[in-house]
>>> print(open('my_file31.pdb').read())   # PDB, C-alpha atoms
ATOM      1  CA  MET A 158      70.763 133.888  40.332
ATOM      2  CA  ALA A 159      74.214 132.406  39.898
ATOM      3  CA  ASN A 160      75.293 129.521  42.069
ATOM      4  CA  VAL A 161      77.084 130.670  45.179
ATOM      5  CA  PHE A 162      79.254 127.552  45.457
ATOM      6  CA  PRO A 163      80.935 125.941  42.429
ATOM      7  CA  LYS A 164      80.086 122.358  41.528
ATOM      8  CA  TRP A 165      83.285 120.840  42.999
ATOM      9  CA  SER A 166      82.276 121.969  46.451
ATOM     10  CA  ASN A 167      79.770 119.083  46.537
ATOM     11  CA  ALA A 168      82.692 116.692  47.075
ATOM     12  CA  VAL A 169      84.375 118.734  49.789
ATOM     13  CA  PRO A 170      82.623 117.232  52.844
ATOM     14  CA  ILE A 171      83.306 113.618  51.890
ATOM     15  CA  LYS A 172      86.921 114.479  51.055
ATOM     16  CA  LEU A 173      87.318 116.210  54.380
ATOM     17  CA  VAL A 174      85.935 113.201  56.225
ATOM     18  CA  ILE A 175      88.271 110.823  54.397
ATOM     19  CA  ALA A 176      91.270 113.046  55.037
ATOM     20  CA  LEU A 177      90.353 113.289  58.705
ATOM     21  CA  ILE A 178      90.018 109.514  59.048
ATOM     22  CA  LEU A 179      93.372 108.934  57.345
ATOM     23  CA  THR A 180      95.141 111.533  59.477
ATOM     24  CA  VAL A 181      93.729 110.240  62.740
ATOM     25  CA  SER A 182      94.522 106.636  61.812
ATOM     26  CA  ALA A 183      98.089 107.524  60.881
ATOM     27  CA  ALA A 184      98.586 109.493  64.099
ATOM     28  CA  THR A 185      97.108 106.693  66.205
ATOM     29  CA  GLY A 186      99.243 104.086  64.493
ATOM     30  CA  ALA A 187     102.378 106.159  64.863
ATOM     31  CA  VAL A 188     101.843 106.719  68.577
ATOM     32  CA  TRP A 189     100.818 103.090  69.029
ATOM     33  CA  TYR A 190     104.128 101.866  67.627
ATOM     34  CA  TYR A 191     106.687 104.613  68.136
ATOM     35  CA  CYS A 192     105.671 105.379  71.736
ATOM     36  CA  SER A 193     105.627 101.742  72.819
ATOM     37  CA  PRO A 194     108.580  99.923  74.398
ATOM     38  CA  ASN A 195     108.683  97.727  71.296
ATOM     39  CA  TYR A 196     110.214 100.707  69.541
ATOM     40  CA  THR A 197     111.753 102.738  72.368
ATOM     41  CA  LYS A 198     113.500  99.939  74.253
ATOM     42  CA  VAL A 199     114.022  96.827  72.153
ATOM     43  CA  GLY A 200     117.391  96.840  70.461
ATOM     44  CA  TYR A 201     119.076  99.326  72.790
ATOM     45  CA  MET A 202     122.750  98.361  72.497
ATOM     46  CA  PRO A 203     125.067 100.932  74.071
ATOM     47  CA  THR A 204     128.829 100.641  73.847
ATOM     48  CA  GLN A 205     130.149  99.489  77.195
ATOM     49  CA  PRO A 206     133.450 100.690  78.696
ATOM     50  CA  VAL A 207     134.757  97.113  78.448
ATOM     51  CA  PRO A 208     133.580  94.973  75.502
ATOM     52  CA  TYR A 209     132.592  92.034  77.696
ATOM     53  CA  SER A 210     131.152  89.249  75.563
ATOM     54  CA  HIS A 211     128.463  87.071  77.101
ATOM     55  CA  ALA A 212     128.641  84.904  73.982
ATOM     56  CA  LEU A 213     132.248  84.041  74.790
ATOM     57  CA  HIS A 214     132.023  83.706  78.573
ATOM     58  CA  VAL A 215     128.622  82.053  78.837
ATOM     59  CA  GLY A 216     128.009  80.564  75.412
ATOM     60  CA  GLN A 217     131.458  79.114  74.747
ATOM     61  CA  LEU A 218     133.093  78.777  78.169
ATOM     62  CA  GLY A 219     129.894  77.863  79.997
ATOM     63  CA  LEU A 220     130.178  80.309  82.881
ATOM     64  CA  ASP A 221     127.109  80.212  85.126
ATOM     65  CA  CYS A 222     125.077  83.424  85.360
ATOM     66  CA  ARG A 223     125.536  83.421  89.124
ATOM     67  CA  TYR A 224     129.318  83.444  88.937
ATOM     68  CA  CYS A 225     129.106  87.186  88.236
ATOM     69  CA  HIS A 226     125.479  88.072  89.022
ATOM     70  CA  THR A 227     125.949  86.487  92.403
ATOM     71  CA  PHE A 228     122.797  87.500  94.218
ATOM     72  CA  VAL A 229     120.266  87.081  91.448
ATOM     73  CA  ASP A 230     118.636  84.120  93.224
ATOM     74  CA  ARG A 231     118.802  85.693  96.677
ATOM     75  CA  SER A 232     117.990  89.363  96.193
ATOM     76  CA  ALA A 233     115.617  91.608  94.334
ATOM     77  CA  HIS A 234     118.471  92.972  92.247
ATOM     78  CA  ALA A 235     120.787  91.054  89.960
ATOM     79  CA  ASN A 236     124.062  92.630  90.926
ATOM     80  CA  ILE A 237     126.743  93.743  88.481
ATOM     81  CA  PRO A 238     130.083  92.192  89.458
ATOM     82  CA  GLY A 239     132.904  94.322  90.740
ATOM     83  CA  PRO A 240     136.330  94.228  89.110
ATOM     84  CA  SER A 241     137.590  91.641  91.603
ATOM     85  CA  VAL A 242     135.356  89.019  89.937
ATOM     86  CA  CYS A 243     136.975  89.726  86.559
ATOM     87  CA  MET A 244     140.396  89.665  88.168
ATOM     88  CA  ASN A 245     139.864  86.087  89.364
ATOM     89  CA  CYS A 246     140.858  85.064  85.844
ATOM     90  CA  HIS A 247     142.322  88.194  84.290
ATOM     91  CA  SER A 248     144.782  89.190  86.973
ATOM     92  CA  PRO A 249     148.481  88.375  86.446
ATOM     93  CA  ASP A 250     148.584  86.812  89.908
ATOM     94  CA  LEU A 251     145.619  84.453  89.576
ATOM     95  CA  GLY A 252     144.430  83.312  86.175
ATOM     96  CA  ASN A 253     146.765  85.406  84.042
ATOM     97  CA  ILE A 254     144.394  85.327  81.089
ATOM     98  CA  LEU A 255     144.879  88.378  78.853
ATOM     99  CA  SER A 256     146.181  90.156  81.913
ATOM    100  CA  ASP A 257     147.906  92.821  79.804
ATOM    101  CA  SER A 258     145.087  93.342  77.298
ATOM    102  CA  PRO A 259     144.419  97.048  76.707
ATOM    103  CA  ARG A 260     140.701  96.312  76.449
ATOM    104  CA  LEU A 261     140.736  95.217  80.084
ATOM    105  CA  ALA A 262     142.493  98.374  81.228
ATOM    106  CA  PRO A 263     139.334  99.888  82.815
ATOM    107  CA  ILE A 264     138.964  96.734  84.921
ATOM    108  CA  ARG A 265     142.561  96.868  86.127
ATOM    109  CA  ASP A 266     142.304 100.592  86.820
ATOM    110  CA  SER A 267     139.102 100.054  88.777
ATOM    111  CA  TYR A 268     140.665  97.201  90.708
ATOM    112  CA  ALA A 269     143.663  99.331  91.588
ATOM    113  CA  SER A 270     141.871 102.594  92.342
ATOM    114  CA  GLY A 271     138.546 101.447  93.767
ATOM    115  CA  GLN A 272     136.598 103.638  91.351
ATOM    116  CA  PRO A 273     133.779 101.612  89.737
ATOM    117  CA  VAL A 274     133.695 100.783  86.035
ATOM    118  CA  PRO A 275     130.882 102.918  84.575
ATOM    119  CA  TRP A 276     128.833 100.185  82.919
ATOM    120  CA  ILE A 277     125.839 101.489  81.010
ATOM    121  CA  LYS A 278     122.494 100.220  82.181
ATOM    122  CA  ILE A 279     120.417  98.576  79.466
ATOM    123  CA  HIS A 280     117.443  96.881  81.097
ATOM    124  CA  ASN A 281     115.772  99.613  83.078
ATOM    125  CA  GLU A 282     112.407  99.608  84.759
ATOM    126  CA  PRO A 283     111.004 102.894  86.011
ATOM    127  CA  ASP A 284     111.146 103.598  89.730
ATOM    128  CA  TYR A 285     107.413 102.992  90.054
ATOM    129  CA  VAL A 286     107.819  99.361  89.026
ATOM    130  CA  TYR A 287     108.809  96.775  91.611
ATOM    131  CA  PHE A 288     110.636  93.807  90.187
ATOM    132  CA  ASN A 289     112.235  91.063  92.238
ATOM    133  CA  HIS A 290     114.765  88.857  90.460
ATOM    134  CA  ALA A 291     114.977  86.219  93.186
ATOM    135  CA  VAL A 292     111.282  85.406  93.275
ATOM    136  CA  HIS A 293     111.172  84.858  89.526
ATOM    137  CA  VAL A 294     114.364  82.836  89.315
ATOM    138  CA  ASN A 295     113.375  80.639  92.255
ATOM    139  CA  ARG A 296     110.023  79.837  90.659
ATOM    140  CA  GLY A 297     111.435  78.556  87.405
ATOM    141  CA  VAL A 298     111.411  81.715  85.301
ATOM    142  CA  SER A 299     114.642  81.644  83.359
ATOM    143  CA  CYS A 300     116.822  84.646  82.527
ATOM    144  CA  VAL A 301     116.003  84.230  78.835
ATOM    145  CA  GLU A 302     112.313  84.948  79.397
ATOM    146  CA  CYS A 303     113.087  88.637  79.931
ATOM    147  CA  HIS A 304     116.678  89.100  78.752
ATOM    148  CA  GLY A 305     116.596  86.977  75.593
ATOM    149  CA  GLN A 306     119.460  84.785  74.478
ATOM    150  CA  ILE A 307     122.146  86.553  76.496
ATOM    151  CA  ASN A 308     124.446  83.579  75.915
ATOM    152  CA  GLU A 309     124.567  84.449  72.213
ATOM    153  CA  MET A 310     125.143  88.193  72.576
ATOM    154  CA  ASP A 311     128.598  89.649  71.984
ATOM    155  CA  THR A 312     127.259  93.022  73.004
ATOM    156  CA  VAL A 313     124.219  92.918  75.237
ATOM    157  CA  ALA A 314     121.115  94.523  73.809
ATOM    158  CA  GLU A 315     117.612  94.707  75.166
ATOM    159  CA  ALA A 316     115.749  91.839  73.529
ATOM    160  CA  LYS A 317     112.246  92.092  74.996
ATOM    161  CA  PRO A 318     110.087  95.194  75.444
ATOM    162  CA  LEU A 319     109.842  94.777  79.269
ATOM    163  CA  GLY A 320     106.756  96.951  79.341
ATOM    164  CA  MET A 321     103.602  96.359  81.308
ATOM    165  CA  ALA A 322     101.957  94.367  78.505
ATOM    166  CA  PHE A 323     105.001  92.095  78.420
ATOM    167  CA  CYS A 324     104.886  91.508  82.183
ATOM    168  CA  LEU A 325     101.138  90.902  82.255
ATOM    169  CA  ASN A 326     101.279  88.527  79.317
ATOM    170  CA  CYS A 327     103.436  86.214  81.403
ATOM    171  CA  HIS A 328     101.621  86.833  84.689
ATOM    172  CA  ARG A 329      98.398  85.749  83.001
ATOM    173  CA  ASN A 330      99.920  82.604  81.454
ATOM    174  CA  PRO A 331     102.728  81.583  83.809
ATOM    175  CA  GLU A 332     102.637  77.973  82.606
ATOM    176  CA  GLN A 333     104.206  79.137  79.340
ATOM    177  CA  ALA A 334     107.300  80.435  81.125
ATOM    178  CA  VAL A 335     108.122  78.273  84.139
ATOM    179  CA  ARG A 336     110.649  75.509  83.632
ATOM    180  CA  PRO A 337     112.348  72.891  85.837
ATOM    181  CA  LEU A 338     114.326  74.636  88.569
ATOM    182  CA  ASP A 339     117.633  73.085  87.516
ATOM    183  CA  LYS A 340     117.236  74.508  84.002
ATOM    184  CA  VAL A 341     116.688  78.124  85.010
ATOM    185  CA  PHE A 342     120.301  79.105  84.326
ATOM    186  CA  ASP A 343     120.605  76.784  81.329
ATOM    187  CA  LEU A 344     119.968  79.421  78.707
ATOM    188  CA  THR A 345     119.897  76.952  75.836
ATOM    189  CA  TRP A 346     117.210  74.717  77.367
ATOM    190  CA  LYS A 347     113.936  74.428  75.524
ATOM    191  CA  ALA A 348     110.929  72.268  76.273
ATOM    192  CA  GLU A 349     110.602  69.306  73.924
ATOM    193  CA  SER A 350     107.420  70.744  72.473
ATOM    194  CA  PRO A 351     104.893  73.491  73.156
ATOM    195  CA  ASP A 352     102.523  70.831  74.504
ATOM    196  CA  ALA A 353     105.160  69.549  76.914
ATOM    197  CA  GLN A 354     105.824  73.118  78.067
ATOM    198  CA  THR A 355     102.146  73.676  78.746
ATOM    199  CA  GLU A 356     101.726  70.348  80.502
ATOM    200  CA  ASN A 357     104.822  70.624  82.698
ATOM    201  CA  GLY A 358     104.261  74.349  83.234
ATOM    202  CA  THR A 359     100.720  73.770  84.470
ATOM    203  CA  LYS A 360     102.034  71.120  86.841
ATOM    204  CA  PHE A 361     104.792  73.400  88.176
ATOM    205  CA  VAL A 362     102.404  76.316  88.601
ATOM    206  CA  HIS A 363     100.145  74.092  90.678
ATOM    207  CA  ASP A 364     102.853  72.310  92.674
ATOM    208  CA  TRP A 365     104.915  75.413  93.475
ATOM    209  CA  LYS A 366     101.820  77.518  94.132
ATOM    210  CA  VAL A 367     102.892  80.109  91.589
ATOM    211  CA  LEU A 368     100.433  82.974  91.909
ATOM    212  CA  PRO A 369     101.699  85.823  89.752
ATOM    213  CA  PRO A 370      99.869  89.005  90.816
ATOM    214  CA  GLN A 371      97.762  90.771  88.240
ATOM    215  CA  SER A 372      96.540  93.556  90.492
ATOM    216  CA  CYS A 373      98.075  97.030  90.167
ATOM    217  CA  SER A 374      99.707  96.846  93.565
ATOM    218  CA  GLY A 375     101.522  93.655  92.665
ATOM    219  CA  CYS A 376     104.160  95.670  90.849
ATOM    220  CA  HIS A 377     103.240  99.323  91.519
ATOM    221  CA  ARG A 378     103.631  99.078  95.239
TER     222      ARG A 378
ATOM    223  CA  MET H 227      60.405 150.324 117.821
ATOM    224  CA  LYS H 228      63.898 149.910 116.537
ATOM    225  CA  ARG H 229      66.458 149.249 119.150
ATOM    226  CA  ILE H 230      69.586 151.279 118.900
ATOM    227  CA  ILE H 231      72.646 149.693 120.391
ATOM    228  CA  ASN H 232      75.527 151.934 121.076
ATOM    229  CA  HIS H 233      78.652 149.945 120.614
ATOM    230  CA  PRO H 234      81.746 151.481 122.058
ATOM    231  CA  ALA H 235      83.756 153.224 119.395
ATOM    232  CA  PRO H 236      86.821 151.222 118.322
ATOM    233  CA  SER H 237      90.048 152.441 119.688
ATOM    234  CA  GLU H 238      92.650 153.797 117.357
ATOM    235  CA  ARG H 239      94.636 150.591 117.522
ATOM    236  CA  GLU H 240      91.580 148.465 116.748
ATOM    237  CA  ALA H 241      90.615 150.629 113.797
ATOM    238  CA  SER H 242      93.957 150.442 112.164
ATOM    239  CA  GLY H 243      94.939 146.970 113.272
ATOM    240  CA  PRO H 244      98.424 146.007 114.238
ATOM    241  CA  ARG H 245     100.999 147.233 111.762
ATOM    242  CA  TYR H 246     103.092 144.384 110.437
ATOM    243  CA  TRP H 247     106.149 144.947 108.359
ATOM    244  CA  ARG H 248     107.676 142.543 105.915
ATOM    245  CA  SER H 249     111.192 143.850 105.683
ATOM    246  CA  LEU H 250     113.465 146.188 107.508
ATOM    247  CA  ASP H 251     113.311 148.528 104.501
ATOM    248  CA  GLU H 252     109.552 148.740 104.858
ATOM    249  CA  LEU H 253     109.857 149.447 108.554
ATOM    250  CA  ALA H 254     112.422 152.158 107.886
ATOM    251  CA  SER H 255     110.230 153.432 105.024
ATOM    252  CA  THR H 256     112.885 155.496 103.305
ATOM    253  CA  PRO H 257     111.837 157.539 100.259
ATOM    254  CA  ALA H 258     114.116 155.513  97.980
ATOM    255  CA  PHE H 259     112.458 152.301  99.088
ATOM    256  CA  LYS H 260     108.945 153.704  98.614
ATOM    257  CA  ASP H 261     109.901 154.828  95.139
ATOM    258  CA  TRP H 262     111.223 151.371  94.286
ATOM    259  CA  LEU H 263     108.129 149.702  95.745
ATOM    260  CA  GLU H 264     105.690 151.682  93.657
ATOM    261  CA  LYS H 265     107.291 150.805  90.350
ATOM    262  CA  GLU H 266     105.917 147.526  89.001
ATOM    263  CA  PHE H 267     109.155 146.369  87.400
ATOM    264  CA  PRO H 268     112.717 147.209  88.310
ATOM    265  CA  ALA H 269     114.392 149.852  86.247
ATOM    266  CA  GLY H 270     115.191 148.775  82.715
ATOM    267  CA  ALA H 271     113.113 145.597  82.786
ATOM    268  CA  SER H 272     110.691 146.741  80.111
ATOM    269  CA  THR H 273     113.295 148.024  77.667
ATOM    270  CA  LEU H 274     115.887 145.507  76.551
ATOM    271  CA  GLU H 275     118.965 146.691  74.752
ATOM    272  CA  GLY H 276     118.335 146.593  71.002
ATOM    273  CA  SER H 277     115.154 144.543  71.158
ATOM    274  CA  ASP H 278     111.714 144.931  72.568
ATOM    275  CA  ARG H 279     109.977 142.601  74.960
ATOM    276  CA  ARG H 280     107.534 141.224  72.389
ATOM    277  CA  SER H 281     110.138 139.956  69.971
ATOM    278  CA  PHE H 282     112.220 138.632  72.840
ATOM    279  CA  LEU H 283     109.281 136.583  74.099
ATOM    280  CA  LYS H 284     108.487 135.411  70.565
ATOM    281  CA  ILE H 285     111.999 134.136  70.023
ATOM    282  CA  MET H 286     112.194 132.516  73.423
ATOM    283  CA  ALA H 287     108.846 130.761  72.893
ATOM    284  CA  ALA H 288     110.058 129.438  69.566
ATOM    285  CA  SER H 289     113.293 128.261  71.170
ATOM    286  CA  PHE H 290     111.507 126.389  73.924
ATOM    287  CA  GLY H 291     109.100 124.877  71.409
ATOM    288  CA  LEU H 292     111.849 123.641  69.118
ATOM    289  CA  ALA H 293     113.882 122.350  72.017
ATOM    290  CA  GLY H 294     110.961 120.259  73.173
ATOM    291  CA  VAL H 295     109.882 119.048  69.742
ATOM    292  CA  GLY H 296     112.854 117.526  68.117
ATOM    293  CA  LEU H 297     116.258 118.188  69.481
ATOM    294  CA  ALA H 298     116.596 117.303  73.114
ATOM    295  CA  GLY H 299     114.309 114.340  73.695
ATOM    296  CA  CYS H 300     115.546 112.056  70.936
ATOM    297  CA  ARG H 301     118.165 110.089  72.753
ATOM    298  CA  GLN H 302     117.592 107.688  75.566
ATOM    299  CA  GLN H 303     119.074 108.868  78.805
ATOM    300  CA  THR H 304     122.333 107.078  79.603
ATOM    301  CA  ARG H 305     122.154 105.380  82.966
ATOM    302  CA  HIS H 306     125.183 103.905  84.620
ATOM    303  CA  LEU H 307     125.582 100.843  86.776
ATOM    304  CA  LEU H 308     128.401 101.349  89.223
ATOM    305  CA  PRO H 309     129.326  98.162  91.061
ATOM    306  CA  TYR H 310     130.963  98.235  94.443
ATOM    307  CA  SER H 311     134.611  97.827  93.705
ATOM    308  CA  LYS H 312     136.599  97.948  96.904
TER     309      LYS H 312
END
>>> encode(input="my_file31.pdb", output="C-alpha cells")
Amino acid sequence: MANVFPKWSNAVPIKLVIALILTVSAATGAVWYYCSPNYTKVGYMPTQPVPYSHALHVGQLGLDCRYCHTFVDRSAHANIPGPSVCMNCHSPDLGNILSDSPRLAPIRDSYASGQPVPWIKIHNEPDYVYFNHAVHVNRGVSCVECHGQINEMDTVAEAKPLGMAFCLNCHRNPEQAVRPLDKVFDLTWKAESPDAQTENGTKFVHDWKVLPPQSCSGCHR
Amino acid sequence: MKRIINHPAPSEREASGPRYWRSLDELASTPAFKDWLEKEFPAGASTLEGSDRRSFLKIMAASFGLAGVGLAGCRQQTRHLLPYSK
C-alpha cells in the first residue's frame, strides 16, 4: 500500500508549532509596545495657536512656573493663563514687548473679544484618574518629574508616558523624586549624586510624612 | 372519594381580561392600520432600488470593518484647553 502522506509531512507539526510561537510572540510584542503610553503618548507635539516658547520664557528669561500657572501649588489643576497674563508684557500699554507681532494676534484678539485662545491639551489623564497638582508640588515633586525639561522646550511635547506604571513607579519609590521645597520650580536643579538624592529623599519622605497611595482608590476614586 | 369543587364560572370580563390599547390607531382599529400592523416590514423595506438586501449588508459590514480597522482611530483626539479670558 502506498503511503498516504508524503515524507515532508513529518515536519509539518514542528513547523506549525514554531510558526505559532513566532506569530504569538510578535503579536504580544506589538501590543506590548504599540498599545502602551510609551508609544501612544510620548512625543505628542501639537501645533499650538500661538507658538509660545517655554525655552525662551522660562529657560532664558527665568520666568517662574507660577507666574502663568498660578494655582498649581494651591489647586488640583494647573491652570492655563488667560490672555491678560500675556498682555502684562505684550500689551502696548504695559510692557510693549512685540505688541504688534502677528504671531501674538490670537492673544490680542482673545483679550479684546473675551473668546479664549484654543490651546491644545497635551498632557491628558483619563477622567477616571484623579491627579492633584498641589499635593505633589507641595511635597517636593518637581514639574520636571512628570513634564520633563519644559524649560528647554520651544514647543511643548509630552516627555513622560504618564501611564499607571509611570505613576506607580514613583509612588513606590518616592525618595527618588522628592527634592527640597525651594527647588521644586527650579527646573534645572539636580541632586549632587544619586546617593545624595536617595539619602535626602528618604529624609524628606520621613520628615514630611509622604505616604503616596498605592491602592486602587488612591487615584481611581 | 374525589371532591369536586364547583368554582364559579369566570365572568366575560375576567375571561378576556381588560383590553389595553397601545395607540389611538389600535383603539380605532381601522382596516388600513390592521393591514400595516400585520406586515413585518414597512412597504419597500425588503427591496432596495437596484440592489438586494444581502449585498447591501455585505458592503455595509465591510465599510464598518474598514472604518474601525485603519482609518478613523489613527489620530489622537484633539483636546482643547480654554482658559477664562474675561
>>> closest_residue(input="my_file31.pdb", among="A:Leu179, A:Val169, A:Val215, A:Val341", to="Cys300 in chain A", atoms="all atoms listed in the file")
A:Val341
>>> closest_atom_pairs(input="my_file31.pdb", of="chain A", to="chain H", cutoff="6 Å", atoms="all atoms listed in the file", output="JSON lines")
{"residue": "A:Ile237", "atom": "CA", "partner": "H:Pro309", "partner_atom": "CA", "distance": 5.7}
{"residue": "A:Gly239", "atom": "CA", "partner": "H:Ser311", "partner_atom": "CA", "distance": 4.9}
{"residue": "A:Gly271", "atom": "CA", "partner": "H:Lys312", "partner_atom": "CA", "distance": 5.1}
{"residue": "A:Pro273", "atom": "CA", "partner": "H:Leu308", "partner_atom": "CA", "distance": 5.4}
{"residue": "A:Pro275", "atom": "CA", "partner": "H:Leu308", "partner_atom": "CA", "distance": 5.5}
{"residue": "A:Trp276", "atom": "CA", "partner": "H:Leu307", "partner_atom": "CA", "distance": 5.1}
{"residue": "A:Ile277", "atom": "CA", "partner": "H:His306", "partner_atom": "CA", "distance": 4.4}
{"residue": "A:Lys278", "atom": "CA", "partner": "H:His306", "partner_atom": "CA", "distance": 5.2}
>>> atom_distance(input="my_file31.pdb", atom1="CA of Met310 in chain A", atom2="CA of Ser210 in chain A")
6.8 Å
>>> residues_around(input="my_file31.pdb", residues="Leu261 in chain A", least_positions_apart="2", cutoff="12 Å", atoms="all atoms listed in the file", output="ChimeraX atom specification")
/A:205-209,240,243-244,246-248,254-259,263-268,274
>>> write_last_selection(input="my_file31.pdb", atoms="C-alpha atoms", output="short mmCIF file (atom, residue, chain, number, x, y, z; two decimals), keeping the file's coordinate frame")
data_model
loop_
_atom_site.label_atom_id
_atom_site.label_comp_id
_atom_site.auth_asym_id
_atom_site.auth_seq_id
_atom_site.Cartn_x
_atom_site.Cartn_y
_atom_site.Cartn_z
CA GLN A 205 130.15 99.49 77.19
CA PRO A 206 133.45 100.69 78.70
CA VAL A 207 134.76 97.11 78.45
CA PRO A 208 133.58 94.97 75.50
CA TYR A 209 132.59 92.03 77.70
CA PRO A 240 136.33 94.23 89.11
CA CYS A 243 136.98 89.73 86.56
CA MET A 244 140.40 89.66 88.17
CA CYS A 246 140.86 85.06 85.84
CA HIS A 247 142.32 88.19 84.29
CA SER A 248 144.78 89.19 86.97
CA ILE A 254 144.39 85.33 81.09
CA LEU A 255 144.88 88.38 78.85
CA SER A 256 146.18 90.16 81.91
CA ASP A 257 147.91 92.82 79.80
CA SER A 258 145.09 93.34 77.30
CA PRO A 259 144.42 97.05 76.71
CA PRO A 263 139.33 99.89 82.82
CA ILE A 264 138.96 96.73 84.92
CA ARG A 265 142.56 96.87 86.13
CA ASP A 266 142.30 100.59 86.82
CA SER A 267 139.10 100.05 88.78
CA TYR A 268 140.66 97.20 90.71
CA VAL A 274 133.70 100.78 86.04
#
>>> atom_distance(input="my_file31.pdb", atom1="CA of His226 in chain A", atom2="CA of His214 in chain A")
13.1 Å
>>> atom_distance(input="my_file31.pdb", atom1="CA of Ser193 in chain A", atom2="CA of Glu282 in chain A")
13.9 Å
>>> residues_around(input="my_file31.pdb", residues="range 335-338 of chain A", least_positions_apart="3", cutoff="9 Å", atoms="all atoms listed in the file", output="list in words")
Val294, Asn295, Arg296, Gly297, Val298, Ser299, Pro331, Glu332, Val341, Phe342, Lys347, Ala348, Gln354, Asn357, Gly358, Thr359, Phe361 and Val362 of chain A
>>> residues_around(input="my_file31.pdb", residues="Arg223 in chain A", least_positions_apart="2", cutoff="10 Å", atoms="all atoms listed in the file", output="PyMOL selection string")
chain A and resi 220-221+225-230+235-236+238+342
>>> residues_around(input="my_file31.pdb", residues="range 319-322 of chain A", least_positions_apart="5", cutoff="12 Å", atoms="all atoms listed in the file", output="number ranges by chain")
A: 192-200, 279-283, 285-288, 302-305, 327-329, 371-373, 375-377
>>> closest_residue(input="my_file31.pdb", among="A:Asn253, A:Pro370, A:Glu349, A:Ser182", to="Leu325 in chain A", atoms="all atoms listed in the file")
A:Pro370
>>> axis_aligned_box(input="my_file31.pdb", around="range 249-255 of chain H", padding_each_side="5 Å", output="AutoDock Vina command-line options")
--center_x 111.5 --center_y 148.6 --center_z 106.5 --size_x 13.9 --size_y 19.6 --size_z 14.1
